[in-house]
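For reference, the structure discussed in these notes is given below.
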Amino acid sequence: MELQEMEEKLQNGDVLLEVKKKKKKKRRKKKRKREKRKEKIEEEEEEEVELSQDPLEVLGRDIMLMILKNLDARSVALSLLVSRAWHGVASSDSIWSAKCEELWLGKAHIPHLALVQGLPKLAAYSLSIMDGKRTRITKEDLCDHAWEFHFNKVVPEYWRNLDPYWKGTSPLMHRYFHTDGSQTADPGDKVWGGHECCYSIITSVVGEGKIREHYVRINRWPHMLVSRKQDWSWEMSNVLCCYSSVPDAHRGGDTGPLLPIG
């Protein structure tokens, strides 16, 4: 009996020891999980702290300039609003010079104000955008550009036969507007014939600044409707003829007096 009781006690002791080992192992496992969870939380907090830091302070001005140069103009413009420090970097001429070149690429006319020497390139970009959206033509626009001129198909055949546009020859006829309200043509222009010509810009506005009519009147001809193309060039036309502004890059050989670029 005594031997059997001892064996039972030993067995019970082994069982208790095994139970204790399992509990201890379980506690260690839970402890490791808590530690890992704590480490993860700490890492996430560190990442949040890093993300909350101003990238300009973390990366520095030079690296931020490199990053902003690779963004589109709208994104750079939005970064101007972040802070004074960001505005100082995002308004840099080194960024907006390239943006201006991209904007002006393929444009027929670049606003003179945008080319003023010493003007910040951010201002030049903004002025160019605003001017490109403008659809009301001014006397300065008329006088600043040389204009290609051609008749439309409805005019008598006699006049079309004098027009290089319809004959398929070049150069096309040109017209020039002057600040005194007159218009001239190139010497030897057979259509022009030396007659006197005057022009005026007519704009009527209804309530809230909305335009009801906007056109150019040349002598007593039907009024010329004005339109603006995507390349910022101008076009004026009526049933008889059409005027198209000559791109700045192609006007060097024109004889008409043009306003100097500022």
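Ordered as shown in the structure tokens, chains take letters A, B, and onward, while each chain numbers its residues from 1 and ligands are numbered from 1 in the order shown.
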
All strand (DSSP E) positions in region 29-171 of chain A, as a CSV table (one decimal) with N, CA and C atoms, in the first residue's frame:
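The result, written out as states-v4.csv:
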chain,number,residue,atom,x,y,z
A,146,ALA,N,1.1,91.7,-86.4
A,146,ALA,CA,0.8,91.7,-87.8
A,146,ALA,C,-0.3,90.7,-88.0
A,147,TRP,N,-1.1,90.9,-89.1
A,147,TRP,CA,-2.2,90.1,-89.4
A,147,TRP,C,-2.2,89.6,-90.8
A,148,GLU,N,-2.4,88.2,-90.9
A,148,GLU,CA,-2.6,87.7,-92.2
A,148,GLU,C,-4.1,87.9,-92.6
A,149,PHE,N,-4.3,88.3,-93.9
A,149,PHE,CA,-5.6,88.6,-94.4
A,149,PHE,C,-5.9,87.8,-95.6
A,150,HIS,N,-7.2,87.3,-95.7
A,150,HIS,CA,-7.6,86.7,-96.9
A,150,HIS,C,-9.1,86.8,-97.1
A,151,PHE,N,-9.6,86.7,-98.3
A,151,PHE,CA,-11.0,86.8,-98.6
A,151,PHE,C,-11.7,85.5,-98.3

**Request:** For Pro222 (chain A), list every protein, DNA or RNA residue within 10 Å, evaluated using only C-alpha atoms, and leave out those in the same chain fewer than 4 positions away; present the list as a PyMOL selection string.
**Result:** chain A and resi 215-218+237-241

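Between Lys153 (chain A) and the candidates A:Met236, A:Tyr165, A:Thr135, A:Leu225, the tightest atom-to-atom separation, counting only C-alpha atoms, involves A:Tyr165.
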
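When CA of Cys143 (chain A) is paired with CA of Phe177 (chain A), their separation reads 4.8 Å.
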
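When CA of Leu81 (chain A) is paired with CA of Leu103 (chain A), their separation reads 21.8 Å.
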
**Item:** DSSP alpha helix (DSSP H) selection over region 74-235 of chain A, as JSON, numbers by chain
**Value:** {"A": [74, 75, 76, 77, 78, 79, 84, 85, 86, 87, 88, 89, 90, 93, 94, 95, 96, 97, 98, 99, 100, 101, 102, 103, 104, 121, 122, 123, 124, 125, 126, 127, 128, 129, 130, 131, 132, 139, 140, 141, 142, 143, 144, 157, 158, 159, 160, 161, 164, 165, 166, 167]}

**Item:** 10 Å contact set for region 196-199 of chain A, only C-alpha atoms, chain neighbours under 5 positions out, as a PyMOL selection string
**Value:** chain A and resi 139+142+177-178+180-185+216-221

Could you make a table, as CSV, of the residues of region 159-230 of chain A that have an atom within 9 Å of an atom of region 243-248 of chain A, each with its nearest atom pair and distance in Å to one decimal, counting only C-alpha atoms, in chain and number order?
residue,atom,partner,partner_atom,distance
A:His174,CA,A:Tyr243,CA,8.7
A:Arg175,CA,A:Tyr243,CA,8.2
A:Met224,CA,A:Tyr243,CA,8.8

**Fill in**
Using only C-alpha atoms, the residue out of A:Trp96, A:Trp86, A:Tyr158, A:Tyr176 with shortest distance to Ser126 (chain A) is A:Trp96

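A straight line drawn from CA of His214 (chain A) to CA of Ile202 (chain A) is 5.6 Å long.
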
**Item:** Among listed residues A:Ala124, A:Ala249, A:Leu119, A:Ala85, nearest Cys100 (chain A) (using only C-alpha atoms)
**Value:** A:Ala124

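Among the candidates A:Lys190, A:Ala98, A:Asp163, A:Arg136, the one nearest to Lys121 (chain A) when counting only C-alpha atoms is A:Ala98.
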
Using only C-alpha atoms, which residues sit within 9 Å of Leu127 (chain A) once same-chain residues fewer than 5 positions away are excluded, as a short mmCIF file (atom, residue, chain, number, x, y, z; two decimals) with N, CA and C atoms, in the first residue's frame?
data_model
loop_
_atom_site.label_atom_id
_atom_site.label_comp_id
_atom_site.auth_asym_id
_atom_site.auth_seq_id
_atom_site.Cartn_x
_atom_site.Cartn_y
_atom_site.Cartn_z
N PRO A 111 2.35 87.34 -73.47
CA PRO A 111 2.08 88.70 -72.98
C PRO A 111 3.36 89.46 -72.68
N LEU A 113 3.83 91.82 -70.57
CA LEU A 113 4.03 91.98 -69.13
C LEU A 113 4.77 90.80 -68.52
N ALA A 114 4.55 89.62 -69.09
CA ALA A 114 5.20 88.41 -68.56
C ALA A 114 6.68 88.37 -68.91
N LEU A 122 7.14 83.34 -61.13
CA LEU A 122 5.81 82.94 -60.67
C LEU A 122 4.77 83.94 -61.13
N GLY A 132 -4.04 84.41 -71.25
CA GLY A 132 -4.44 83.38 -72.20
C GLY A 132 -5.93 83.09 -72.17
#
